[in-house]
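Chemist: As input, take run.txt (compact mmCIF, C-alpha atoms and all ligand atoms):
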```
# COMPACT_ATOMS: atom_id res chain seq x y z
CA MET R 1 153.07 92.33 54.61
CA GLN R 2 154.10 92.79 58.24
CA ALA R 3 152.24 89.85 59.70
CA GLU R 4 153.35 90.27 63.28
CA SER R 5 153.79 94.01 63.62
CA GLY R 6 151.38 96.38 65.30
CA GLN R 7 150.89 94.32 68.40
CA GLY R 8 148.86 96.44 70.80
CA PRO R 9 149.71 96.91 74.45
CA GLY R 10 147.11 94.33 75.34
CA GLY R 11 149.12 91.70 73.46
CA GLN R 12 146.51 89.99 71.33
CA ARG R 13 145.06 92.02 68.48
CA PRO R 14 141.39 91.42 67.73
CA LYS R 15 141.05 89.05 64.79
CA VAL R 16 138.69 89.85 61.96
CA LEU R 17 137.73 87.15 59.48
CA VAL R 18 137.37 88.30 55.87
CA ILE R 19 135.29 86.04 53.62
CA GLU R 20 135.69 87.35 50.07
CA ASP R 21 136.56 85.57 46.84
CA GLU R 22 138.20 88.53 45.10
CA ARG R 23 141.83 88.60 45.99
CA ASP R 24 142.30 92.36 45.42
CA ILE R 25 139.48 93.22 47.79
CA ARG R 26 140.72 90.78 50.41
CA GLU R 27 144.12 92.39 50.17
CA LEU R 28 142.68 95.90 50.51
CA VAL R 29 140.62 94.87 53.51
CA ARG R 30 143.54 93.10 55.16
CA VAL R 31 145.86 96.09 54.78
CA SER R 32 143.18 98.46 56.13
CA LEU R 33 142.50 96.22 59.12
CA GLU R 34 146.15 95.77 59.95
CA GLY R 35 146.65 99.52 59.70
CA GLU R 36 144.06 99.92 62.43
CA GLY R 37 145.58 97.36 64.76
CA PHE R 38 143.52 94.31 63.83
CA ALA R 39 144.78 90.92 62.75
CA SER R 40 143.05 89.43 59.74
CA LEU R 41 142.12 85.93 58.72
CA GLU R 42 141.16 85.29 55.14
CA ALA R 43 138.85 82.86 53.44
CA GLU R 44 138.08 82.80 49.73
CA ASP R 45 134.85 80.87 50.04
CA GLY R 46 132.04 80.20 52.47
CA GLU R 47 133.07 76.69 53.50
CA LEU R 48 136.51 77.79 54.57
CA GLY R 49 135.06 80.91 56.15
CA LEU R 50 132.67 78.89 58.33
CA ALA R 51 135.45 76.54 59.37
CA LEU R 52 137.70 79.44 60.36
CA ALA R 53 134.87 81.19 62.19
CA ARG R 54 134.36 78.09 64.33
CA ARG R 55 137.99 77.26 64.89
CA GLU R 56 139.63 80.66 65.27
CA ARG R 57 136.88 82.47 67.14
CA PRO R 58 137.42 85.83 65.44
CA ALA R 59 136.00 89.01 66.99
CA ALA R 60 134.02 89.85 63.85
CA VAL R 61 133.40 88.74 60.26
CA ILE R 62 133.46 90.78 57.08
CA LEU R 63 131.34 88.80 54.67
CA ASP R 64 130.99 89.33 50.94
CA LEU R 65 127.54 88.41 49.69
CA MET R 66 128.61 87.45 46.17
CA LEU R 67 130.63 84.31 46.71
CA PRO R 68 131.04 81.32 44.42
CA GLY R 69 129.36 78.17 45.72
CA MET R 70 127.76 78.87 49.07
CA SER R 71 126.35 82.42 48.97
CA GLY R 72 127.12 85.04 51.58
CA LEU R 73 123.51 84.86 52.76
CA ASP R 74 123.86 81.13 53.36
CA VAL R 75 127.10 81.74 55.22
CA CYS R 76 125.34 84.31 57.40
CA ARG R 77 122.45 81.94 58.05
CA ARG R 78 124.82 79.16 59.06
CA LEU R 79 126.88 81.43 61.31
CA ARG R 80 123.69 82.39 63.12
CA SER R 81 122.45 78.85 63.52
CA ASP R 82 125.63 77.51 65.11
CA PRO R 83 125.88 78.30 68.84
CA LYS R 84 129.62 78.76 68.47
CA THR R 85 129.20 81.61 66.01
CA ALA R 86 125.62 82.76 66.62
CA SER R 87 126.57 86.04 68.27
CA LEU R 88 129.56 86.83 66.08
CA PRO R 89 129.20 90.34 64.64
CA VAL R 90 128.86 90.29 60.85
CA LEU R 91 129.54 93.17 58.49
CA MET R 92 128.30 92.45 54.96
CA LEU R 93 129.90 93.66 51.76
CA THR R 94 127.24 94.25 49.14
CA ALA R 95 127.07 95.44 45.59
CA ARG R 96 125.21 98.68 45.03
CA SER R 97 122.61 96.84 42.98
CA GLY R 98 121.98 94.22 45.66
CA GLU R 99 119.37 96.07 47.73
CA ALA R 100 117.24 92.98 48.21
CA ASP R 101 120.21 90.97 49.43
CA LYS R 102 121.07 93.67 51.89
CA VAL R 103 117.62 93.55 53.43
CA VAL R 104 117.66 89.76 53.62
CA GLY R 105 121.14 89.88 55.15
CA LEU R 106 120.04 92.25 57.89
CA GLU R 107 117.01 90.08 58.55
CA LEU R 108 119.30 87.09 58.85
CA GLY R 109 121.17 88.87 61.58
CA ALA R 110 124.02 90.72 59.89
CA ASP R 111 124.94 93.72 62.03
CA ASP R 112 125.74 96.22 59.33
CA TYR R 113 126.72 96.47 55.69
CA VAL R 114 129.09 98.41 53.48
CA THR R 115 128.39 98.94 49.81
CA LYS R 116 131.10 98.35 47.23
CA PRO R 117 133.11 100.26 46.27
CA PHE R 118 133.93 101.30 49.83
CA SER R 119 136.66 103.39 51.32
CA PRO R 120 139.03 101.48 53.61
CA ARG R 121 138.50 104.10 56.28
CA GLU R 122 134.74 103.64 56.21
CA LEU R 123 135.13 99.89 56.42
CA THR R 124 137.39 99.93 59.48
CA ALA R 125 135.18 102.54 61.17
CA ARG R 126 132.19 100.21 60.70
CA VAL R 127 134.14 97.26 62.04
CA LYS R 128 135.04 99.23 65.16
CA ALA R 129 131.43 100.32 65.59
CA ILE R 130 130.05 96.78 65.47
CA LEU R 131 132.75 95.58 67.86
CA ARG R 132 131.84 98.35 70.27
CA ARG R 133 128.17 97.49 70.03
CA SER R 134 128.79 93.79 70.50
CA TYR R 135 131.43 93.76 73.19
CA GLY R 136 131.07 97.18 74.74
CA LYS R 137 134.60 97.66 75.88
CA ILE R 138 136.99 98.08 72.98
CA GLY R 139 139.71 100.50 74.04
CA ASP R 140 138.70 103.63 75.90
CA SER R 141 134.99 103.53 75.18
CA PRO R 142 132.79 105.66 77.41
CA ARG R 143 130.55 104.13 80.01
CA GLU R 144 128.12 101.80 78.41
CA ILE R 145 124.41 102.27 78.87
CA TYR R 146 121.54 100.65 77.05
CA GLU R 147 118.44 102.75 76.82
CA CYS R 148 115.31 101.88 74.93
CA GLY R 149 111.72 102.81 75.70
CA ASP R 150 111.33 102.61 79.47
CA LEU R 151 114.23 100.26 79.98
CA ARG R 152 117.70 101.36 80.97
CA ILE R 153 120.64 99.03 81.62
CA ASP R 154 123.93 100.24 83.03
CA PHE R 155 126.47 97.58 82.07
CA ASP R 156 129.18 99.01 84.29
CA THR R 157 127.24 99.12 87.52
CA TYR R 158 124.95 96.14 86.75
CA GLU R 159 121.88 98.25 87.38
CA VAL R 160 118.57 98.00 85.57
CA TYR R 161 115.82 100.61 85.66
CA ARG R 162 112.29 100.59 84.35
CA ASP R 163 110.48 103.93 84.29
CA GLY R 164 113.36 105.27 86.38
CA GLU R 165 112.82 102.68 89.10
CA ARG R 166 115.59 100.32 89.95
CA ILE R 167 114.89 96.62 89.44
CA ASP R 168 116.79 94.07 91.46
CA LEU R 169 118.12 91.18 89.45
CA SER R 170 120.35 88.26 90.26
CA LEU R 171 123.66 88.20 88.45
CA ARG R 172 122.45 85.53 86.02
CA GLU R 173 119.24 87.40 85.33
CA PHE R 174 121.28 90.52 84.67
CA GLU R 175 123.58 88.62 82.31
CA LEU R 176 120.64 87.15 80.46
CA LEU R 177 118.95 90.54 80.09
CA SER R 178 122.23 92.13 78.97
CA PHE R 179 122.71 89.43 76.38
CA PHE R 180 119.20 89.97 75.04
CA ALA R 181 119.65 93.75 74.95
CA ARG R 182 122.92 93.38 73.04
CA HIS R 183 121.35 91.00 70.55
CA PRO R 184 117.83 92.27 70.04
CA ASN R 185 115.25 90.98 67.56
CA ARG R 186 117.01 87.67 67.05
CA VAL R 187 115.76 84.31 68.12
CA TYR R 188 117.98 82.11 70.27
CA ASP R 189 117.15 78.58 71.29
CA ARG R 190 117.88 77.24 74.75
CA GLY R 191 121.12 75.57 73.71
CA GLN R 192 122.46 78.80 72.27
CA LEU R 193 121.49 80.79 75.35
CA LEU R 194 123.17 78.22 77.60
CA GLU R 195 126.33 78.39 75.56
CA LEU R 196 126.38 82.17 75.21
CA VAL R 197 125.15 83.29 78.62
CA TRP R 198 126.06 80.41 80.94
CA GLY R 199 129.24 79.53 79.06
CA PRO R 200 130.38 76.75 76.76
CA ASP R 201 131.20 74.18 79.42
CA THR R 202 128.14 74.45 81.59
CA TYR R 203 126.26 71.28 82.29
CA VAL R 204 122.80 72.39 83.19
CA GLU R 205 119.51 71.37 81.72
CA PRO R 206 117.98 73.48 78.97
CA ARG R 207 115.01 73.88 81.32
CA THR R 208 117.21 76.17 83.42
CA VAL R 209 116.93 78.75 80.68
CA ASP R 210 113.13 78.68 80.91
CA VAL R 211 113.28 79.13 84.66
CA HIS R 212 115.52 82.18 84.36
CA VAL R 213 113.50 83.68 81.55
CA ARG R 214 110.38 83.31 83.69
CA ARG R 215 112.03 85.03 86.64
CA LEU R 216 113.42 87.78 84.47
CA ARG R 217 110.02 88.41 82.96
CA ARG R 218 108.46 88.62 86.40
CA ARG R 219 110.89 91.41 87.23
CA VAL R 220 111.05 93.44 84.05
CA GLU R 221 107.81 92.87 82.16
CA ARG R 222 104.69 94.85 83.04
CA ASN R 223 102.60 91.73 82.75
CA ASP R 224 104.67 88.58 82.82
CA ALA R 225 101.72 86.51 81.65
CA LEU R 226 101.80 88.54 78.42
CA PRO R 227 105.46 89.30 77.92
CA GLN R 228 106.24 92.00 75.38
CA TRP R 229 109.99 92.28 75.60
CA ILE R 230 111.28 88.79 76.16
CA VAL R 231 109.01 86.87 73.88
CA THR R 232 108.70 83.17 73.20
CA VAL R 233 109.05 82.12 69.59
CA ARG R 234 107.14 78.88 69.57
CA GLY R 235 109.12 75.81 68.78
CA VAL R 236 112.37 77.79 68.56
CA GLY R 237 113.29 79.78 71.62
CA TYR R 238 113.35 83.33 72.90
CA MET R 239 113.78 86.76 71.41
CA PHE R 240 114.25 90.22 72.87
CA ASP R 241 111.73 92.30 70.97
CA GLU R 242 113.24 95.76 70.90
CA ARG R 243 110.56 97.04 68.57
CA SER R 244 107.81 96.57 71.14
CA LEU R 245 110.08 98.06 73.79
CA ARG R 246 110.54 101.15 71.66
CA GLY R 247 106.82 101.42 71.08
CA ALA R 248 105.99 101.01 74.77
CA CA R 301 132.66 88.48 45.56
```
Could you write out this file's structure as C-alpha cells?

Modeler:
Amino acid sequence: MQAESGQGPGGQRPKVLVIEDERDIRELVRVSLEGEGFASLEAEDGELGLALARRERPAAVILDLMLPGMSGLDVCRRLRSDPKTASLPVLMLTARSGEADKVVGLELGADDYVTKPFSPRELTARVKAILRRSYGKIGDSPREIYECGDLRIDFDTYEVYRDGERIDLSLREFELLSFFARHPNRVYDRGQLLELVWGPDTYVEPRTVDVHVRRLRRRVERNDALPQWIVTVRGVGYMFDERSLRGA
C-alpha cells in the first residue's frame, strides 16, 4: 500500500517488526500499524525475524508464537540473549488455547501479549503502550515517574527518592537505576549492561559494571550487604527485583 506516506513531523516513523508466518495476519497488522503512523517490517519466520531485529533496530517486535521451524518462544529467548536486541519490547500473538505458551513467553521476557483473533485497534493500542513503557517519551506523554514500594524515580528531573527522601546519584548511577526500573525482573549480564547503559561503543572493562552496581546499592538499598532490589544472579549477572521492592 502507501509505503512512504504518513511520515510524521519528526521525520522517521517508529519501525515495528512483525514476525508472523500467516500472510493475511501480517497484512492486517501492517495496515493497522501504518494507519497509526508506524512503519512495518515483515518476517515470515524466526530466522529472518532475528536477522531483521539485529540489522534494522526496530522500536518493537510483534511476535507470533506459532511459527514453522524456530518457534516464537525460541525467537523471544534469542532476542533476549543478544545484547543488541535484549531490551527490545516484544508483543506476543498467541492462540486462545495457548495459555501455557503465554506464561512461558512472559517469563522469557515478552512485554505483553494479544490473543488471536484480535482487533487491529487493540493491537496498535498495545504496541503504543509497550513503547511508552520502554522508551517513556513517545509523542506527548505526560511526565514520567516510576513508583514502586518505597522507591520513586522522576525520569524528567533525574531525581530519586526512597521513603520520600532524596538520594543523590551520579549520572551513570541514575542511568543504571533507570535502566533496571524500566526492565525489571530480567537478568542482564555485564556485557549487556555495558552495551545498553554505557552504549554500544564503550570500551570499559566489565568490572566497571560491578563497581557501579556496588555504589548504587550503597545508595539505594537499605542494607547493601544484603541487596533486595538490585540482586546478583550468580554466574549470570544482575536483576532488578521489582517483586521484593513491591513487598518492601
Ligand atoms: Ca502462525

Chemist: So what do you get for CA of Thr202 in chain R versus CA of Glu175 in chain R, distance-wise?

Modeler: 14.9 Å

Chemist: Nearest to ligand CA 301 (chain R) among R:Lys116, R:His183, R:Arg13, R:Arg219, with distances taken over only C-alpha atoms and all ligand atoms: which residue is it?

Modeler: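 Ranked by minimum distance to ligand CA 301 (chain R), first place goes to R:Lys116.
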
Chemist: Around ligand CA 301 (chain R), which protein and nucleic acid residues have at least one atom no more than 7 Å from it, if we count all atoms listed in the file? List them as a list in words.

Modeler: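 Taking all atoms listed in the file into account, the residues around ligand CA 301 (chain R) at most 7 Å away are Glu20, Asp21, Glu22, Asp64, Leu65, Met66 and Leu67 of chain R.
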
Chemist: Could you name the residues that touch Val187 in chain R at 9 Å or less, counting only C-alpha atoms, but leaving out those on the same chain fewer than 3 positions away, as a count of residues only?

Modeler: 8

Chemist: Have a look at CA of Val211 in chain R and CA of Leu194 in chain R and let me know their distance in Å, one decimal.

Modeler: 12.2 Å

Chemist: Between R:Val127, R:Arg190, R:Lys84, R:Gly109, which has the minimum distance to Ser32 in chain R (counting all atoms listed in the file)?

Modeler: R:Val127

Chemist: What does the distance between CA of Tyr161 in chain R and CA of Gly199 in chain R come to in Å, to one decimal place?

Modeler: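 That distance, rounded to one decimal, is 25.8 Å.
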
Chemist: Need to verify the contact set: Phe38 in chain R, 7 Å, all atoms listed in the file, exclusion of same-chain residues closer than 4 positions in sequence. Can you return it as a list in words?

Modeler: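 Neighbouring residues, sequence-local ones excluded: Arg13, Pro14, Lys15, Val16, Leu33 and Glu34 of chain R.
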
Chemist: Go through R:Thr115, R:Ser244, R:Ser40, R:Ser134 and flag the residue nearest Pro227 in chain R, using all atoms listed in the file for the distances.

Modeler: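 Result for the nearest residue to Pro227 in chain R: R:Ser244.
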
Chemist: Looking at all atoms listed in the file, which of R:Gln228, R:Arg162, R:Thr157, R:Thr124 is the one that sits closest to Gly37 in chain R?

Modeler: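 The answer is R:Thr124, which sits nearest to Gly37 in chain R.
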
Chemist: For each of R:Pro206, R:Phe155, R:Leu171, R:Asp74, take the minimum atom-to-atom distance to Gln192 in chain R, counting all atoms listed in the file, then give the residue where this is smallest.

Modeler: R:Pro206

Chemist: Which residue, R:Leu91, R:Leu79, R:Leu48, R:Val197, has the smallest gap to Ser178 in chain R when you use only C-alpha atoms?

Modeler: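 Answer, going by the shortest atom-to-atom distance: R:Val197.
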
Chemist: Within 12 Å of Arg246 in chain R, counting all atoms listed in the file, which residues show up once you throw out same-chain ones fewer than 5 positions away? Write them as a PyMOL selection string, please.

Modeler: chain R and resi 147-152+184-185+228-229+240-241

Chemist: Please work out which residues fall within 9 Å of (127.8, 86.6, 56.0), coordinates as given in the file, with only C-alpha atoms counting, and return them as a ChimeraX atom specification.

Modeler: /R:19,46,61-65,71-79,90-93,105,108-110

Chemist: N, CA, C and O atoms for range 40-64 of chain R, written as an mmCIF file, keeping the file's coordinate frame, could you do that?

Modeler:
```cif
data_model
loop_
_atom_site.group_PDB
_atom_site.id
_atom_site.type_symbol
_atom_site.label_atom_id
_atom_site.label_comp_id
_atom_site.auth_asym_id
_atom_site.auth_seq_id
_atom_site.Cartn_x
_atom_site.Cartn_y
_atom_site.Cartn_z
ATOM 1 N N SER R 40 144.087 89.930 60.629
ATOM 2 C CA SER R 40 143.050 89.430 59.740
ATOM 3 C C SER R 40 143.259 87.967 59.393
ATOM 4 O O SER R 40 144.368 87.463 59.361
ATOM 5 N N LEU R 41 142.127 87.309 59.192
ATOM 6 C CA LEU R 41 142.120 85.930 58.720
ATOM 7 C C LEU R 41 141.384 85.982 57.402
ATOM 8 O O LEU R 41 140.415 86.716 57.274
ATOM 9 N N GLU R 42 141.806 85.184 56.439
ATOM 10 C CA GLU R 42 141.160 85.290 55.140
ATOM 11 C C GLU R 42 140.607 83.961 54.667
ATOM 12 O O GLU R 42 141.234 82.921 54.850
ATOM 13 N N ALA R 43 139.434 84.043 54.059
ATOM 14 C CA ALA R 43 138.850 82.860 53.440
ATOM 15 C C ALA R 43 138.306 83.266 52.079
ATOM 16 O O ALA R 43 137.690 84.318 51.945
ATOM 17 N N GLU R 44 138.538 82.418 51.073
ATOM 18 C CA GLU R 44 138.080 82.800 49.730
ATOM 19 C C GLU R 44 136.731 82.193 49.383
ATOM 20 O O GLU R 44 136.181 82.487 48.342
ATOM 21 N N ASP R 45 136.209 81.355 50.270
ATOM 22 C CA ASP R 45 134.850 80.870 50.040
ATOM 23 C C ASP R 45 134.143 80.610 51.371
ATOM 24 O O ASP R 45 134.757 80.683 52.441
ATOM 25 N N GLY R 46 132.858 80.335 51.269
ATOM 26 C CA GLY R 46 132.040 80.200 52.470
ATOM 27 C C GLY R 46 132.404 79.021 53.349
ATOM 28 O O GLY R 46 132.410 79.128 54.568
ATOM 29 N N GLU R 47 132.726 77.885 52.717
ATOM 30 C CA GLU R 47 133.070 76.690 53.500
ATOM 31 C C GLU R 47 134.256 76.960 54.411
ATOM 32 O O GLU R 47 134.238 76.677 55.603
ATOM 33 N N LEU R 48 135.302 77.500 53.801
ATOM 34 C CA LEU R 48 136.510 77.790 54.570
ATOM 35 C C LEU R 48 136.215 78.861 55.622
ATOM 36 O O LEU R 48 136.666 78.769 56.771
ATOM 37 N N GLY R 49 135.413 79.845 55.223
ATOM 38 C CA GLY R 49 135.060 80.910 56.150
ATOM 39 C C GLY R 49 134.357 80.368 57.398
ATOM 40 O O GLY R 49 134.691 80.733 58.522
ATOM 41 N N LEU R 50 133.397 79.458 57.183
ATOM 42 C CA LEU R 50 132.670 78.890 58.330
ATOM 43 C C LEU R 50 133.606 78.086 59.223
ATOM 44 O O LEU R 50 133.531 78.157 60.445
ATOM 45 N N ALA R 51 134.505 77.340 58.588
ATOM 46 C CA ALA R 51 135.450 76.540 59.370
ATOM 47 C C ALA R 51 136.348 77.438 60.213
ATOM 48 O O ALA R 51 136.577 77.186 61.397
ATOM 49 N N LEU R 52 136.832 78.524 59.608
ATOM 50 C CA LEU R 52 137.700 79.440 60.360
ATOM 51 C C LEU R 52 136.932 80.150 61.472
ATOM 52 O O LEU R 52 137.459 80.378 62.552
ATOM 53 N N ALA R 53 135.679 80.489 61.187
ATOM 54 C CA ALA R 53 134.870 81.190 62.190
ATOM 55 C C ALA R 53 134.713 80.306 63.431
ATOM 56 O O ALA R 53 134.773 80.772 64.562
ATOM 57 N N ARG R 54 134.529 78.999 63.205
ATOM 58 C CA ARG R 54 134.360 78.090 64.330
ATOM 59 C C ARG R 54 135.663 77.849 65.065
ATOM 60 O O ARG R 54 135.710 77.832 66.278
ATOM 61 N N ARG R 55 136.726 77.671 64.284
ATOM 62 C CA ARG R 55 137.990 77.260 64.890
ATOM 63 C C ARG R 55 138.754 78.420 65.509
ATOM 64 O O ARG R 55 139.324 78.296 66.576
ATOM 65 N N GLU R 56 138.757 79.559 64.827
ATOM 66 C CA GLU R 56 139.630 80.660 65.270
ATOM 67 C C GLU R 56 138.928 81.666 66.174
ATOM 68 O O GLU R 56 139.571 82.558 66.704
ATOM 69 N N ARG R 57 137.626 81.542 66.294
ATOM 70 C CA ARG R 57 136.880 82.470 67.140
ATOM 71 C C ARG R 57 137.256 83.939 66.908
ATOM 72 O O ARG R 57 137.735 84.626 67.818
ATOM 73 N N PRO R 58 137.082 84.428 65.692
ATOM 74 C CA PRO R 58 137.420 85.830 65.440
ATOM 75 C C PRO R 58 136.466 86.763 66.202
ATOM 76 O O PRO R 58 135.421 86.320 66.680
ATOM 77 N N ALA R 59 136.849 88.045 66.282
ATOM 78 C CA ALA R 59 136.000 89.010 66.990
ATOM 79 C C ALA R 59 134.845 89.467 66.096
ATOM 80 O O ALA R 59 133.798 89.870 66.587
ATOM 81 N N ALA R 60 135.065 89.422 64.779
ATOM 82 C CA ALA R 60 134.020 89.850 63.850
ATOM 83 C C ALA R 60 134.287 89.229 62.476
ATOM 84 O O ALA R 60 135.384 88.735 62.212
ATOM 85 N N VAL R 61 133.274 89.275 61.615
ATOM 86 C CA VAL R 61 133.400 88.740 60.260
ATOM 87 C C VAL R 61 133.016 89.807 59.252
ATOM 88 O O VAL R 61 132.003 90.489 59.426
ATOM 89 N N ILE R 62 133.844 89.958 58.223
ATOM 90 C CA ILE R 62 133.460 90.780 57.080
ATOM 91 C C ILE R 62 133.098 89.784 55.982
ATOM 92 O O ILE R 62 133.920 88.948 55.601
ATOM 93 N N LEU R 63 131.861 89.852 55.527
ATOM 94 C CA LEU R 63 131.340 88.800 54.670
ATOM 95 C C LEU R 63 130.840 89.368 53.344
ATOM 96 O O LEU R 63 129.902 90.161 53.318
ATOM 97 N N ASP R 64 131.466 88.938 52.261
ATOM 98 C CA ASP R 64 130.990 89.330 50.940
ATOM 99 C C ASP R 64 129.748 88.518 50.608
ATOM 100 O O ASP R 64 129.674 87.323 50.910
#
```
